[in-house]
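Read through the structure below, which is laid out as structure tokens, and then see the notes.
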2 protein chains.
Amino acid sequence: MTDARFADWMRDVQQRTEVALGRTLPPNNVVPDRLHEAMRYACLEGGKRIRPLLAHAAGAVTGAPPEVLDKVACAVELIHAYSLVHDDMPCMDDDTLRRGKPTVHVEYDEATALLVGDALQSLAFQQLAEPGLIPDAGRHIEMVHHLAIAAGSRGMAGGQAIDLQSVGQMLTREALEVMHVHKTGALIRAAVCLGAQAGGHCHGDVLRSLDHFSRRVGLLFQVVDDILDTESDTATLGKTAGKDAENDKPTYVTILGLDEARRLSLELEAEALELLSSLDGRADRMRELTRYIVHRRF
Amino acid sequence: MTDARFADWMRDVQQRTEVALGRTLPPNNVVPDRLHEAMRYACLEGGKRIRPLLAHAAGAVTGAPPEVLDKVACAVELIHAYSLVHDDMPCMDDDTLRRGKPTVHVEYDEATALLVGDALQSLAFQQLAEPGLIPDAGRHIEMVHHLAIAAGSRGMAGGQAIDLQSVGQMLTREALEVMHVHKTGALIRAAVCLGAQAGGHCHGDVLRSLDHFSRRVGLLFQVVDDILDTESDTATLGKTAGKDAENDKPTYVTILGLDEARRLSLELEAEALELLSSLDGRADRMRELTRYIVHRRF
């Protein structure tokens, strides 16, 4: 499915994201050391790094320097990592396994998990707002503003709240889409748009195409996630499988059925690829990444 | 103690902060409505607004426009409000009363309190990073970067972690100071520095004087807080009095004794005022505010 050069590129982005995160996160021996150790535990050695991959693929379209994309990718990944830490806490999903390891509140304690999430969110903004990162400071501020909206109550955190209110309810497909547009869609969109804005060749049409693309990919990612949650086992996923069904949470599979969810994923894939059709060969990584997101096994 | 014009100024800043927060926070009827209602509950109608007062007083020194200071003040106050919501949660201080009302996790639930804090932090950065807020975009980015550091693991969140580790321990005065420099000091410093940077007349010497001043005021605020926590009753404070002693947390009063803590507060007041001595009449609000912080009764 995946050609060798794409696989190499993916591994390269994952490795450089790991290095960049390792440099951004304060070392274990800096006070408060337990907090810093737990922040590193939450972020390093794990995750598919889908958002960093999307940021780098979008940045390739606009000629963004890879070192700048590393910082953008880290910022988005730190927001994602913080959301997982808080989402796993007992008052939310109460999950004990994440990326094949005990969750932060299990490995450390609840108070530490709370502060880890809080501090990772601050670190994301610290990373993205590094003075001089984007030569055009006006565009730089717009990027920080975009990330803040994507993370907040009209974006990711709002999606978590809608998710909480939806437990045990039979949602329509439209209501489920509203939830996911917030919960996962906003941050995936930010990864694509910020990656693109990090480049010099980021003109209106290109940004608009990538923005529309990112909305389809965000939904696509969630539909595939729901399918995998039904089909896979815990060992493959590295997180507790079947958890959504067990928690009585609506998913694309529970609402549409498995076959229809699979059909929807292929439809969204085609729509997303079509939105890239006006872009040249520099969007090839984005095309390959889209196919990877649909056909991944975990 | 407080002259009438200063009292009017203080009330004016408190009122305009309330209005600005009310406009910044999404309305109750916007989805997810319960989250937005709880965010408003956590931020509105309460608090001394010490950080907004400091931001406006610092902005007066550098000629910052009051409408810009409103946004800066809101951003800092939103970070402060989020930290209170999370700090009150059962896994942290487990407090039930704040600003004379039930805490967010009591009035709503724990999951909502978690998301309220998360979303308030994002909103703070959204507010401060509003494109065009500061005409000099390069300085604007520096201000956002400063707030992120102040909120994070080397600032406020780090202070909470040090606080957690200190429960039941007899700290030295130096160790207590390290905790408070992080826990309350970093954000108070941000309030002063960001307020000053919002003005056009923000030259190196002025910013340096205000920065040194803000470090003394941050400690001063905490010493007075510890004294009031010992002396006052719950009704006056609007939060549970004597909580730190009950929780076996080290304070300036438990470490130094009440008399010595009072002496220290007067010493810090004198040092803070001395650091303003090179500034002209535009720093008068800052001088009056310093005296207010020492001699307040709640």
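Chain labels A, B, ... are given in the sequence in which chains occur in the structure tokens; within each chain residues are numbered consecutively from 1, and ligands are likewise numbered from 1 in the order shown.
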
So that I can check the surroundings of A:Gln222, please list as a count of residues only every protein, DNA and RNA residue that reaches within 10 Å of it, counting only C-alpha atoms and ignoring chain neighbours fewer than 5 positions away. 14

Name the residues of stretch 86-263 of chain B that fall into strand (DSSP E) according to DSSP on the backbone, using the chain letters and numbers of this document, as a CSV table (one decimal) with N, CA and C atoms, in the first residue's frame.
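Printed below is states_32.csv as written:
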chain,number,residue,atom,x,y,z
B,97,LEU,N,-15.6,26.2,48.2
B,97,LEU,CA,-16.0,27.6,48.2
B,97,LEU,C,-15.0,28.5,47.6
B,98,ARG,N,-15.4,29.4,46.7
B,98,ARG,CA,-14.5,30.3,46.0
B,98,ARG,C,-15.2,31.6,45.7
B,101,LYS,N,-18.9,31.6,46.4
B,101,LYS,CA,-19.8,30.7,45.7
B,101,LYS,C,-19.3,29.3,45.7
B,102,PRO,N,-20.1,28.3,45.4
B,102,PRO,CA,-19.6,26.9,45.3
B,102,PRO,C,-18.6,26.9,44.2

Would you mind listing, as number ranges by chain, all residues of chain B that have at least one atom within 8 Å of chain A, where only C-alpha atoms are what counts? B: 31-32, 35-36, 86, 91-92, 110-112, 114-115, 118-123, 125-126, 129-132, 137-138, 140-142, 144-146, 148-149, 151-154, 157-162

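Atom CA of A:Glu288 is found 9.5 Å from atom CA of A:Leu273.
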
Taking the DSSP secondary structure from the backbone, can you list the residues of stretch 62-260 of chain B that are alpha helix (DSSP H), as a PyMOL selection string? chain B and resi 62+66-87+104-107+110-128+137-151+156-166+173-180+186-197+204-231+234-237+243-246+252-256+258-260

Give the answer as one residue: which of A:Leu187, A:Ala175, A:Val19, A:Met10 has the shortest atom-to-atom distance to A:Ile79, using only C-alpha atoms? A:Leu187

Just the number, please: distance in Å from atom CA of B:Met170 to atom CA of B:Asp88, one decimal. 23.0 Å

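With only C-alpha atoms as the basis for measurement, B:Ala38 is the residue among B:Ala38, B:Leu276, B:Ile50, B:Cys43 that approaches B:Glu107 most closely.
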
Spatial neighbours of A:Asp70, 12 Å, only C-alpha atoms, chain gap at least 5 places, as a PyMOL selection string: chain A and resi 12-24+49+51-57+59+64-65+75-78+127-128+133+191+194-195+198

Could you list, as a PDB file with all heavy atoms, in the first residue's frame, every residue within 12 Å of A:Leu264, counting only C-alpha atoms and ignoring same-chain residues fewer than 3 positions away?
ATOM      1  N   ARG A 173     -26.371  11.494  12.557  1.00  0.00           N
ATOM      2  CA  ARG A 173     -25.063  11.590  11.925  1.00  0.00           C
ATOM      3  C   ARG A 173     -24.573  13.040  11.927  1.00  0.00           C
ATOM      4  O   ARG A 173     -23.389  13.304  12.121  1.00  0.00           O
ATOM      5  CB  ARG A 173     -25.165  11.074  10.478  1.00  0.00           C
ATOM      6  CG  ARG A 173     -23.822  11.093   9.795  1.00  0.00           C
ATOM      7  CD  ARG A 173     -23.879  10.560   8.377  1.00  0.00           C
ATOM      8  NE  ARG A 173     -22.852  11.220   7.583  1.00  0.00           N
ATOM      9  CZ  ARG A 173     -22.669  11.020   6.286  1.00  0.00           C
ATOM     10  NH1 ARG A 173     -23.438  10.191   5.631  1.00  0.00           N
ATOM     11  NH2 ARG A 173     -21.715  11.652   5.646  1.00  0.00           N
ATOM     12  N   ARG A 216     -12.090  17.731   5.499  1.00  0.00           N
ATOM     13  CA  ARG A 216     -12.468  16.368   5.093  1.00  0.00           C
ATOM     14  C   ARG A 216     -11.568  15.356   5.808  1.00  0.00           C
ATOM     15  O   ARG A 216     -12.025  14.315   6.278  1.00  0.00           O
ATOM     16  CB  ARG A 216     -12.333  16.157   3.581  1.00  0.00           C
ATOM     17  CG  ARG A 216     -13.075  17.125   2.673  1.00  0.00           C
ATOM     18  CD  ARG A 216     -14.387  17.620   3.190  1.00  0.00           C
ATOM     19  NE  ARG A 216     -15.484  16.671   3.119  1.00  0.00           N
ATOM     20  CZ  ARG A 216     -16.590  16.753   3.852  1.00  0.00           C
ATOM     21  NH1 ARG A 216     -16.725  17.705   4.753  1.00  0.00           N
ATOM     22  NH2 ARG A 216     -17.549  15.862   3.707  1.00  0.00           N
ATOM     23  N   LEU A 219     -12.526  14.626   9.483  1.00  0.00           N
ATOM     24  CA  LEU A 219     -13.646  13.684   9.623  1.00  0.00           C
ATOM     25  C   LEU A 219     -13.217  12.271   9.249  1.00  0.00           C
ATOM     26  O   LEU A 219     -13.540  11.293   9.925  1.00  0.00           O
ATOM     27  CB  LEU A 219     -14.816  14.106   8.731  1.00  0.00           C
ATOM     28  CG  LEU A 219     -15.737  15.172   9.310  1.00  0.00           C
ATOM     29  CD1 LEU A 219     -16.858  15.476   8.329  1.00  0.00           C
ATOM     30  CD2 LEU A 219     -16.328  14.692  10.654  1.00  0.00           C
ATOM     31  N   LEU A 220     -12.467  12.214   8.151  1.00  0.00           N
ATOM     32  CA  LEU A 220     -11.965  10.918   7.670  1.00  0.00           C
ATOM     33  C   LEU A 220     -11.193  10.191   8.774  1.00  0.00           C
ATOM     34  O   LEU A 220     -11.400   8.999   9.024  1.00  0.00           O
ATOM     35  CB  LEU A 220     -11.038  11.197   6.474  1.00  0.00           C
ATOM     36  CG  LEU A 220     -10.314  10.028   5.840  1.00  0.00           C
ATOM     37  CD1 LEU A 220     -11.287   8.972   5.370  1.00  0.00           C
ATOM     38  CD2 LEU A 220      -9.462  10.519   4.660  1.00  0.00           C
ATOM     39  N   PHE A 221     -10.307  10.943   9.426  1.00  0.00           N
ATOM     40  CA  PHE A 221      -9.503  10.371  10.498  1.00  0.00           C
ATOM     41  C   PHE A 221     -10.396   9.774  11.581  1.00  0.00           C
ATOM     42  O   PHE A 221     -10.155   8.672  12.081  1.00  0.00           O
ATOM     43  CB  PHE A 221      -8.597  11.459  11.087  1.00  0.00           C
ATOM     44  CG  PHE A 221      -7.717  10.958  12.183  1.00  0.00           C
ATOM     45  CD1 PHE A 221      -6.569  10.237  11.885  1.00  0.00           C
ATOM     46  CD2 PHE A 221      -8.035  11.182  13.511  1.00  0.00           C
ATOM     47  CE1 PHE A 221      -5.756   9.743  12.899  1.00  0.00           C
ATOM     48  CE2 PHE A 221      -7.233  10.696  14.529  1.00  0.00           C
ATOM     49  CZ  PHE A 221      -6.086   9.983  14.218  1.00  0.00           C
ATOM     50  N   GLN A 222     -11.481  10.489  11.922  1.00  0.00           N
ATOM     51  CA  GLN A 222     -12.362  10.029  12.989  1.00  0.00           C
ATOM     52  C   GLN A 222     -13.164   8.803  12.575  1.00  0.00           C
ATOM     53  O   GLN A 222     -13.338   7.866  13.362  1.00  0.00           O
ATOM     54  CB  GLN A 222     -13.295  11.165  13.392  1.00  0.00           C
ATOM     55  CG  GLN A 222     -14.056  10.865  14.655  1.00  0.00           C
ATOM     56  CD  GLN A 222     -13.125  10.578  15.819  1.00  0.00           C
ATOM     57  OE1 GLN A 222     -12.239  11.354  16.114  1.00  0.00           O
ATOM     58  NE2 GLN A 222     -13.295   9.425  16.448  1.00  0.00           N
ATOM     59  N   VAL A 223     -13.658   8.806  11.328  1.00  0.00           N
ATOM     60  CA  VAL A 223     -14.433   7.650  10.854  1.00  0.00           C
ATOM     61  C   VAL A 223     -13.548   6.398  10.901  1.00  0.00           C
ATOM     62  O   VAL A 223     -13.970   5.331  11.386  1.00  0.00           O
ATOM     63  CB  VAL A 223     -14.967   7.896   9.418  1.00  0.00           C
ATOM     64  CG1 VAL A 223     -15.658   6.651   8.891  1.00  0.00           C
ATOM     65  CG2 VAL A 223     -15.930   9.087   9.392  1.00  0.00           C
ATOM     66  N   VAL A 224     -12.314   6.542  10.415  1.00  0.00           N
ATOM     67  CA  VAL A 224     -11.397   5.388  10.414  1.00  0.00           C
ATOM     68  C   VAL A 224     -11.085   4.962  11.846  1.00  0.00           C
ATOM     69  O   VAL A 224     -11.008   3.768  12.158  1.00  0.00           O
ATOM     70  CB  VAL A 224     -10.108   5.727   9.626  1.00  0.00           C
ATOM     71  CG1 VAL A 224      -9.098   4.597   9.736  1.00  0.00           C
ATOM     72  CG2 VAL A 224     -10.441   6.007   8.152  1.00  0.00           C
ATOM     73  N   ASP A 226     -13.029   5.175  14.417  1.00  0.00           N
ATOM     74  CA  ASP A 226     -14.193   4.432  14.925  1.00  0.00           C
ATOM     75  C   ASP A 226     -14.228   3.015  14.358  1.00  0.00           C
ATOM     76  O   ASP A 226     -14.584   2.064  15.064  1.00  0.00           O
ATOM     77  CB  ASP A 226     -15.494   5.175  14.572  1.00  0.00           C
ATOM     78  CG  ASP A 226     -15.698   6.434  15.410  1.00  0.00           C
ATOM     79  OD1 ASP A 226     -14.930   6.642  16.364  1.00  0.00           O
ATOM     80  OD2 ASP A 226     -16.623   7.208  15.106  1.00  0.00           O
ATOM     81  N   ILE A 227     -13.864   2.874  13.082  1.00  0.00           N
ATOM     82  CA  ILE A 227     -13.829   1.538  12.465  1.00  0.00           C
ATOM     83  C   ILE A 227     -12.758   0.681  13.155  1.00  0.00           C
ATOM     84  O   ILE A 227     -13.009  -0.458  13.536  1.00  0.00           O
ATOM     85  CB  ILE A 227     -13.543   1.641  10.951  1.00  0.00           C
ATOM     86  CG1 ILE A 227     -14.712   2.346  10.234  1.00  0.00           C
ATOM     87  CG2 ILE A 227     -13.287   0.255  10.358  1.00  0.00           C
ATOM     88  CD1 ILE A 227     -14.435   2.699   8.773  1.00  0.00           C
ATOM     89  N   TYR A 252     -19.294   6.513  14.542  1.00  0.00           N
ATOM     90  CA  TYR A 252     -19.784   6.325  13.177  1.00  0.00           C
ATOM     91  C   TYR A 252     -20.244   4.893  12.945  1.00  0.00           C
ATOM     92  O   TYR A 252     -21.172   4.644  12.184  1.00  0.00           O
ATOM     93  CB  TYR A 252     -18.715   6.742  12.157  1.00  0.00           C
ATOM     94  CG  TYR A 252     -18.678   8.239  11.956  1.00  0.00           C
ATOM     95  CD1 TYR A 252     -17.735   9.034  12.598  1.00  0.00           C
ATOM     96  CD2 TYR A 252     -19.635   8.870  11.171  1.00  0.00           C
ATOM     97  CE1 TYR A 252     -17.732  10.416  12.450  1.00  0.00           C
ATOM     98  CE2 TYR A 252     -19.644  10.250  11.022  1.00  0.00           C
ATOM     99  CZ  TYR A 252     -18.690  11.011  11.654  1.00  0.00           C
ATOM    100  OH  TYR A 252     -18.710  12.371  11.510  1.00  0.00           O
ATOM    101  N   VAL A 253     -19.589   3.951  13.619  1.00  0.00           N
ATOM    102  CA  VAL A 253     -19.977   2.551  13.440  1.00  0.00           C
ATOM    103  C   VAL A 253     -21.317   2.260  14.122  1.00  0.00           C
ATOM    104  O   VAL A 253     -22.176   1.589  13.545  1.00  0.00           O
ATOM    105  CB  VAL A 253     -18.863   1.613  13.968  1.00  0.00           C
ATOM    106  CG1 VAL A 253     -19.321   0.154  13.919  1.00  0.00           C
ATOM    107  CG2 VAL A 253     -17.587   1.803  13.152  1.00  0.00           C
ATOM    108  N   LEU A 256     -23.928   4.393  11.850  1.00  0.00           N
ATOM    109  CA  LEU A 256     -24.094   4.029  10.431  1.00  0.00           C
ATOM    110  C   LEU A 256     -24.000   2.533  10.173  1.00  0.00           C
ATOM    111  O   LEU A 256     -24.423   2.064   9.114  1.00  0.00           O
ATOM    112  CB  LEU A 256     -23.010   4.723   9.583  1.00  0.00           C
ATOM    113  CG  LEU A 256     -22.967   6.255   9.613  1.00  0.00           C
ATOM    114  CD1 LEU A 256     -21.796   6.749   8.765  1.00  0.00           C
ATOM    115  CD2 LEU A 256     -24.273   6.845   9.094  1.00  0.00           C
ATOM    116  N   GLY A 257     -23.400   1.806  11.098  1.00  0.00           N
ATOM    117  CA  GLY A 257     -23.066   0.406  10.822  1.00  0.00           C
ATOM    118  C   GLY A 257     -21.685   0.348  10.178  1.00  0.00           C
ATOM    119  O   GLY A 257     -21.226   1.325   9.588  1.00  0.00           O
ATOM    120  N   LEU A 258     -21.022  -0.831  10.277  1.00  0.00           N
ATOM    121  CA  LEU A 258     -19.635  -0.952   9.830  1.00  0.00           C
ATOM    122  C   LEU A 258     -19.487  -0.751   8.318  1.00  0.00           C
ATOM    123  O   LEU A 258     -18.594  -0.037   7.857  1.00  0.00           O
ATOM    124  CB  LEU A 258     -19.096  -2.320  10.257  1.00  0.00           C
ATOM    125  CG  LEU A 258     -17.589  -2.554  10.181  1.00  0.00           C
ATOM    126  CD1 LEU A 258     -16.814  -1.467  10.925  1.00  0.00           C
ATOM    127  CD2 LEU A 258     -17.228  -3.919  10.764  1.00  0.00           C
ATOM    128  N   ASP A 259     -20.371  -1.362   7.541  1.00  0.00           N
ATOM    129  CA  ASP A 259     -20.249  -1.263   6.083  1.00  0.00           C
ATOM    130  C   ASP A 259     -20.407   0.173   5.595  1.00  0.00           C
ATOM    131  O   ASP A 259     -19.639   0.654   4.764  1.00  0.00           O
ATOM    132  CB  ASP A 259     -21.296  -2.145   5.388  1.00  0.00           C
ATOM    133  CG  ASP A 259     -20.945  -3.622   5.525  1.00  0.00           C
ATOM    134  OD1 ASP A 259     -19.775  -3.898   5.917  1.00  0.00           O
ATOM    135  OD2 ASP A 259     -21.815  -4.465   5.275  1.00  0.00           O
ATOM    136  N   GLU A 260     -21.423   0.845   6.142  1.00  0.00           N
ATOM    137  CA  GLU A 260     -21.683   2.218   5.722  1.00  0.00           C
ATOM    138  C   GLU A 260     -20.546   3.139   6.190  1.00  0.00           C
ATOM    139  O   GLU A 260     -20.164   4.080   5.472  1.00  0.00           O
ATOM    140  CB  GLU A 260     -23.032   2.664   6.296  1.00  0.00           C
ATOM    141  CG  GLU A 260     -23.475   4.062   5.950  1.00  0.00           C
ATOM    142  CD  GLU A 260     -23.660   4.312   4.455  1.00  0.00           C
ATOM    143  OE1 GLU A 260     -23.753   3.336   3.689  1.00  0.00           O
ATOM    144  OE2 GLU A 260     -23.675   5.496   4.064  1.00  0.00           O
ATOM    145  N   ALA A 261     -19.986   2.870   7.369  1.00  0.00           N
ATOM    146  CA  ALA A 261     -18.855   3.669   7.856  1.00  0.00           C
ATOM    147  C   ALA A 261     -17.659   3.487   6.917  1.00  0.00           C
ATOM    148  O   ALA A 261     -16.958   4.451   6.581  1.00  0.00           O
ATOM    149  CB  ALA A 261     -18.488   3.269   9.289  1.00  0.00           C
ATOM    150  N   GLU A 267     -15.508   7.591   0.583  1.00  0.00           N
ATOM    151  CA  GLU A 267     -16.083   8.800  -0.009  1.00  0.00           C
ATOM    152  C   GLU A 267     -15.298  10.046   0.443  1.00  0.00           C
ATOM    153  O   GLU A 267     -14.964  10.915  -0.373  1.00  0.00           O
ATOM    154  CB  GLU A 267     -17.545   8.892   0.442  1.00  0.00           C
ATOM    155  CG  GLU A 267     -18.371   9.991  -0.190  1.00  0.00           C
ATOM    156  CD  GLU A 267     -19.770  10.018   0.436  1.00  0.00           C
ATOM    157  OE1 GLU A 267     -20.464   8.970   0.417  1.00  0.00           O
ATOM    158  OE2 GLU A 267     -20.159  11.083   0.974  1.00  0.00           O
ATOM    159  N   LEU A 268     -15.025  10.109   1.745  1.00  0.00           N
ATOM    160  CA  LEU A 268     -14.269  11.253   2.275  1.00  0.00           C
ATOM    161  C   LEU A 268     -12.851  11.286   1.702  1.00  0.00           C
ATOM    162  O   LEU A 268     -12.304  12.365   1.426  1.00  0.00           O
ATOM    163  CB  LEU A 268     -14.215  11.199   3.808  1.00  0.00           C
ATOM    164  CG  LEU A 268     -15.522  11.540   4.526  1.00  0.00           C
ATOM    165  CD1 LEU A 268     -15.444  11.125   6.000  1.00  0.00           C
ATOM    166  CD2 LEU A 268     -15.804  13.047   4.432  1.00  0.00           C
ATOM    167  N   GLU A 269     -12.260  10.116   1.527  1.00  0.00           N
ATOM    168  CA  GLU A 269     -10.914  10.038   0.940  1.00  0.00           C
ATOM    169  C   GLU A 269     -10.934  10.645  -0.468  1.00  0.00           C
ATOM    170  O   GLU A 269     -10.073  11.469  -0.815  1.00  0.00           O
ATOM    171  CB  GLU A 269     -10.444   8.583   0.878  1.00  0.00           C
ATOM    172  CG  GLU A 269      -9.071   8.417   0.225  1.00  0.00           C
ATOM    173  CD  GLU A 269      -8.730   6.954  -0.073  1.00  0.00           C
ATOM    174  OE1 GLU A 269      -9.666   6.115  -0.134  1.00  0.00           O
ATOM    175  OE2 GLU A 269      -7.537   6.661  -0.251  1.00  0.00           O
ATOM    176  N   ALA A 270     -11.949  10.243  -1.260  1.00  0.00           N
ATOM    177  CA  ALA A 270     -12.043  10.759  -2.635  1.00  0.00           C
ATOM    178  C   ALA A 270     -12.248  12.274  -2.638  1.00  0.00           C
ATOM    179  O   ALA A 270     -11.623  13.000  -3.412  1.00  0.00           O
ATOM    180  CB  ALA A 270     -13.194  10.058  -3.369  1.00  0.00           C
ATOM    181  N   GLU A 271     -13.094  12.765  -1.737  1.00  0.00           N
ATOM    182  CA  GLU A 271     -13.333  14.213  -1.654  1.00  0.00           C
ATOM    183  C   GLU A 271     -12.066  14.963  -1.268  1.00  0.00           C
ATOM    184  O   GLU A 271     -11.753  16.023  -1.831  1.00  0.00           O
ATOM    185  CB  GLU A 271     -14.417  14.519  -0.617  1.00  0.00           C
ATOM    186  CG  GLU A 271     -15.830  14.189  -1.087  1.00  0.00           C
ATOM    187  CD  GLU A 271     -16.870  14.403   0.019  1.00  0.00           C
ATOM    188  OE1 GLU A 271     -16.572  15.129   1.001  1.00  0.00           O
ATOM    189  OE2 GLU A 271     -17.962  13.824  -0.104  1.00  0.00           O
ATOM    190  N   VAL A 294      -6.481   6.516   5.683  1.00  0.00           N
ATOM    191  CA  VAL A 294      -7.636   5.638   5.432  1.00  0.00           C
ATOM    192  C   VAL A 294      -7.282   4.175   5.622  1.00  0.00           C
ATOM    193  O   VAL A 294      -8.071   3.403   6.172  1.00  0.00           O
ATOM    194  CB  VAL A 294      -8.157   5.818   3.991  1.00  0.00           C
ATOM    195  CG1 VAL A 294      -9.436   5.019   3.781  1.00  0.00           C
ATOM    196  CG2 VAL A 294      -8.393   7.278   3.679  1.00  0.00           C
TER     197      VAL A 294
END

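Taking atom CA of A:Leu176 as the reference point, atom CA of A:Ala283 is found at 29.8 Å.
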